[in-house]
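Q: Right, I'll just put the structure down here and ask away after.
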Amino acid sequence: MRHPLPLSLLFLFTARVAIAVAGPWPLEIVEQMDDARLVVYGNEQDIDAAPSWDPGRGAPPLEIGGVVDALERWAESDPRVDAIRVEEIELKPIPHRAGRWYYLVRARVESRTGPPVRYFAVLMNGRVEPAIREPMPIK
């Protein structure tokens, strides 16, 4: 009679390999805008690929017009989105990443699906990442 131990060891080895192959965990950025608590999951490679910025040394690499252009390109790439209108933009540092900044944006989105008000993070290279609005707790 065979002992089940070798099969369980094989399972553990396979699980560890699967976790290692899955790649790095995304960087989680938690922010507050208006009354909304927002979470952005950023890929560290994308963050490192975006230009760095030192506020004491001139304008950011991506200015406000570039943020609006990036969001309009994002809207054009999604067939469910008819239009996007930026309502608020905040310039924020990326926590624990020296010299890395991004724009947190609230926009009104006309679409066939999803909420009308959405939040986005725009990196300094124009990469757009949707932010997830955390649900309000039940009181």
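As shown in the structure tokens, the chain order sets the letters A, B, ...; within each chain, residues go from 1, and ligands are also counted from 1 in the order they appear.
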Report the residues of region 11-105 of chain A whose backbone DSSP state falls under alpha helix (DSSP H), written as an MDAnalysis selection string.

A: chainID A and resid 11:21 44:49 64:77

Q: Set the distance at 8 Å and use only C-alpha atoms: which residues neighbour Gly42 (chain A) once local chain neighbours fewer than 3 positions away are removed? I'd like the list as a list in words.

A: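 Counting only the stated atoms, we get Pro26, Leu27, Glu28, Ile29, Asp46, Ile47 and Glu129 of chain A.
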
Q: Give me, as a list in words, all polymer residues having an atom no more than 12 Å from Ala70 (chain A), counting only C-alpha atoms and skipping those fewer than 2 positions away in the same chain.

A: Leu62, Glu63, Ile64, Gly65, Gly66, Val67, Val68, Glu72, Arg73, Trp74, Ala75, Glu76, Ser77, Ile84, Val86, Tyr103, Val105, Phe120, Ala121, Val122, Leu123, Met124, Asn125, Gly126, Arg127, Val128 and Glu129 of chain A

Q: How would the residues just picked look written out with N, CA and C atoms as an mmCIF file, in the first residue's frame?

A:
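File written: part_19.cif
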data_model
loop_
_atom_site.group_PDB
_atom_site.id
_atom_site.type_symbol
_atom_site.label_atom_id
_atom_site.label_comp_id
_atom_site.auth_asym_id
_atom_site.auth_seq_id
_atom_site.Cartn_x
_atom_site.Cartn_y
_atom_site.Cartn_z
ATOM 1 N N LEU A 62 4.343 65.295 -16.907
ATOM 2 C CA LEU A 62 3.020 65.263 -17.535
ATOM 3 C C LEU A 62 2.201 66.384 -16.912
ATOM 4 N N GLU A 63 1.816 67.342 -17.736
ATOM 5 C CA GLU A 63 1.038 68.460 -17.216
ATOM 6 C C GLU A 63 -0.449 68.172 -17.365
ATOM 7 N N ILE A 64 -1.292 69.077 -16.889
ATOM 8 C CA ILE A 64 -2.739 68.858 -16.836
ATOM 9 C C ILE A 64 -3.320 68.518 -18.211
ATOM 10 N N GLY A 65 -2.895 69.199 -19.241
ATOM 11 C CA GLY A 65 -3.396 68.902 -20.584
ATOM 12 C C GLY A 65 -3.093 67.470 -21.003
ATOM 13 N N GLY A 66 -1.933 66.971 -20.616
ATOM 14 C CA GLY A 66 -1.561 65.590 -20.916
ATOM 15 C C GLY A 66 -2.416 64.590 -20.159
ATOM 16 N N VAL A 67 -2.831 64.953 -18.940
ATOM 17 C CA VAL A 67 -3.714 64.089 -18.148
ATOM 18 C C VAL A 67 -5.069 63.973 -18.844
ATOM 19 N N VAL A 68 -5.602 65.100 -19.266
ATOM 20 C CA VAL A 68 -6.899 65.103 -19.960
ATOM 21 C C VAL A 68 -6.796 64.316 -21.265
ATOM 22 N N GLU A 72 -8.910 60.979 -22.322
ATOM 23 C CA GLU A 72 -9.706 60.937 -23.555
ATOM 24 C C GLU A 72 -9.298 59.745 -24.425
ATOM 25 N N ARG A 73 -8.005 59.433 -24.489
ATOM 26 C CA ARG A 73 -7.552 58.236 -25.230
ATOM 27 C C ARG A 73 -8.105 56.970 -24.583
ATOM 28 N N TRP A 74 -8.104 56.942 -23.238
ATOM 29 C CA TRP A 74 -8.670 55.792 -22.527
ATOM 30 C C TRP A 74 -10.146 55.625 -22.895
ATOM 31 N N ALA A 75 -10.902 56.735 -22.896
ATOM 32 C CA ALA A 75 -12.330 56.686 -23.215
ATOM 33 C C ALA A 75 -12.555 56.217 -24.654
ATOM 34 N N GLU A 76 -11.733 56.696 -25.578
ATOM 35 C CA GLU A 76 -11.866 56.295 -26.988
ATOM 36 C C GLU A 76 -11.557 54.808 -27.190
ATOM 37 N N SER A 77 -10.709 54.237 -26.342
ATOM 38 C CA SER A 77 -10.336 52.830 -26.491
ATOM 39 C C SER A 77 -11.403 51.873 -25.946
ATOM 40 N N ILE A 84 -16.105 61.456 -21.731
ATOM 41 C CA ILE A 84 -15.531 61.614 -20.390
ATOM 42 C C ILE A 84 -15.286 63.100 -20.152
ATOM 43 N N VAL A 86 -13.488 65.546 -17.184
ATOM 44 C CA VAL A 86 -12.711 65.633 -15.951
ATOM 45 C C VAL A 86 -13.342 66.679 -15.036
ATOM 46 N N TYR A 103 -1.367 61.538 -10.887
ATOM 47 C CA TYR A 103 -2.559 62.374 -10.759
ATOM 48 C C TYR A 103 -3.739 61.489 -10.378
ATOM 49 N N VAL A 105 -7.720 61.454 -10.359
ATOM 50 C CA VAL A 105 -8.709 62.194 -11.149
ATOM 51 C C VAL A 105 -10.115 61.691 -10.867
ATOM 52 N N PHE A 120 -9.644 57.752 -11.397
ATOM 53 C CA PHE A 120 -8.519 57.195 -12.138
ATOM 54 C C PHE A 120 -7.208 57.691 -11.538
ATOM 55 N N ALA A 121 -6.170 56.893 -11.729
ATOM 56 C CA ALA A 121 -4.808 57.328 -11.457
ATOM 57 C C ALA A 121 -4.117 57.431 -12.813
ATOM 58 N N VAL A 122 -3.412 58.538 -13.022
ATOM 59 C CA VAL A 122 -2.677 58.729 -14.272
ATOM 60 C C VAL A 122 -1.212 58.925 -13.904
ATOM 61 N N LEU A 123 -0.375 57.991 -14.370
ATOM 62 C CA LEU A 123 1.055 58.082 -14.103
ATOM 63 C C LEU A 123 1.689 59.182 -14.954
ATOM 64 N N MET A 124 2.908 59.540 -14.644
ATOM 65 C CA MET A 124 3.589 60.632 -15.342
ATOM 66 C C MET A 124 3.934 60.311 -16.799
ATOM 67 N N ASN A 125 3.718 59.071 -17.226
ATOM 68 C CA ASN A 125 3.913 58.748 -18.643
ATOM 69 C C ASN A 125 2.580 58.655 -19.384
ATOM 70 N N GLY A 126 1.484 59.020 -18.704
ATOM 71 C CA GLY A 126 0.164 59.018 -19.332
ATOM 72 C C GLY A 126 -0.588 57.709 -19.197
ATOM 73 N N ARG A 127 -0.030 56.742 -18.507
ATOM 74 C CA ARG A 127 -0.728 55.468 -18.305
ATOM 75 C C ARG A 127 -1.887 55.680 -17.342
ATOM 76 N N VAL A 128 -3.065 55.195 -17.745
ATOM 77 C CA VAL A 128 -4.291 55.367 -16.954
ATOM 78 C C VAL A 128 -4.622 54.061 -16.242
ATOM 79 N N GLU A 129 -4.837 54.149 -14.935
ATOM 80 C CA GLU A 129 -5.249 53.002 -14.131
ATOM 81 C C GLU A 129 -6.557 53.368 -13.424
#

Q: Between A:Gly114, A:Gly99, A:Pro93, A:Pro55, which is the closest to Val30 (chain A) once you count only C-alpha atoms?

A: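 Checking each of A:Gly114, A:Gly99, A:Pro93, A:Pro55 against Val30 (chain A), counting only C-alpha atoms, the winner is A:Pro93.
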
Q: Contacts of Arg106 (chain A) at 6 Å or less, counting only C-alpha atoms, minus same-chain residues fewer than 6 places along, as a count of residues only?

A: 4

Q: Enumerate as a PyMOL selection string all residues of chain A assigned to strand (DSSP E) by DSSP on the backbone, naming them with the chain letters and numbers the document uses.

A: chain A and resi 27-33+36-42+81-93+101-111+117-123+128-130+132-133

Q: Atoms to include: C-alpha atoms. Write the selected residues as a compact mmCIF listing (two decimals), in the first residue's frame.

A:
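Result saved to out_3.txt:
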# COMPACT_ATOMS: atom_id res chain seq x y z
CA LEU A 27 1.44 48.07 -5.40
CA GLU A 28 -1.68 49.13 -3.50
CA ILE A 29 -2.29 52.88 -3.16
CA VAL A 30 -5.12 53.98 -0.88
CA GLU A 31 -6.39 57.55 -1.25
CA GLN A 32 -9.29 59.78 -0.26
CA MET A 33 -11.09 62.12 -2.67
CA ALA A 36 -14.77 58.38 -1.36
CA ARG A 37 -12.06 56.02 -0.21
CA LEU A 38 -10.19 54.82 -3.31
CA VAL A 39 -7.78 52.00 -4.02
CA VAL A 40 -5.44 51.91 -7.00
CA TYR A 41 -3.49 48.76 -7.86
CA GLY A 42 -0.37 49.78 -9.73
CA VAL A 81 -17.73 54.83 -23.15
CA ASP A 82 -19.36 57.68 -25.07
CA ALA A 83 -17.64 60.63 -23.38
CA ILE A 84 -15.53 61.61 -20.39
CA ARG A 85 -15.37 64.96 -18.58
CA VAL A 86 -12.71 65.63 -15.95
CA GLU A 87 -14.12 67.21 -12.79
CA GLU A 88 -11.16 67.26 -10.41
CA ILE A 89 -7.43 66.52 -10.54
CA GLU A 90 -5.02 66.13 -7.62
CA LEU A 91 -1.26 65.66 -7.90
CA LYS A 92 -0.08 63.02 -5.39
CA PRO A 93 3.18 61.28 -4.48
CA TRP A 101 4.09 60.99 -8.57
CA TYR A 102 0.69 60.53 -10.19
CA TYR A 103 -2.56 62.37 -10.76
CA LEU A 104 -5.72 61.24 -8.99
CA VAL A 105 -8.71 62.19 -11.15
CA ARG A 106 -12.46 62.31 -10.67
CA ALA A 107 -14.34 62.24 -13.96
CA ARG A 108 -17.90 62.04 -15.19
CA VAL A 109 -18.17 59.18 -17.66
CA GLU A 110 -21.05 58.75 -20.08
CA SER A 111 -21.27 55.03 -20.74
CA VAL A 117 -18.60 59.22 -11.59
CA ARG A 118 -15.34 57.31 -11.78
CA TYR A 119 -11.85 57.76 -10.41
CA PHE A 120 -8.52 57.19 -12.14
CA ALA A 121 -4.81 57.33 -11.46
CA VAL A 122 -2.68 58.73 -14.27
CA LEU A 123 1.06 58.08 -14.10
CA VAL A 128 -4.29 55.37 -16.95
CA GLU A 129 -5.25 53.00 -14.13
CA PRO A 130 -8.84 52.86 -12.88
CA ILE A 132 -11.70 51.25 -7.20
CA ARG A 133 -14.12 53.05 -4.93

Q: Between CA of Ile94 (chain A) and CA of Asn43 (chain A), what is the distance in Å, rounded to a tenth?

A: 12.0 Å

Q: When you draw a straight line from CA of Gln45 (chain A) to CA of Thr113 (chain A), how long is it in Å?

A: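 It comes out at 29.9 Å.
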
Q: For a quick check of understanding, using only C-alpha atoms, which of A:Met136, A:Arg100, A:Asp69, A:Pro115 has the smallest distance to Ala49 (chain A)?

A: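 Residue with the minimum atom-to-atom distance to Ala49 (chain A): A:Arg100.
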
Q: Rounded to one decimal in Å, what is the spacing between CA of Glu134 (chain A) and CA of Asp34 (chain A)?

A: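 Spanning CA of Glu134 (chain A) to CA of Asp34 (chain A) is a straight-line distance of 12.7 Å.
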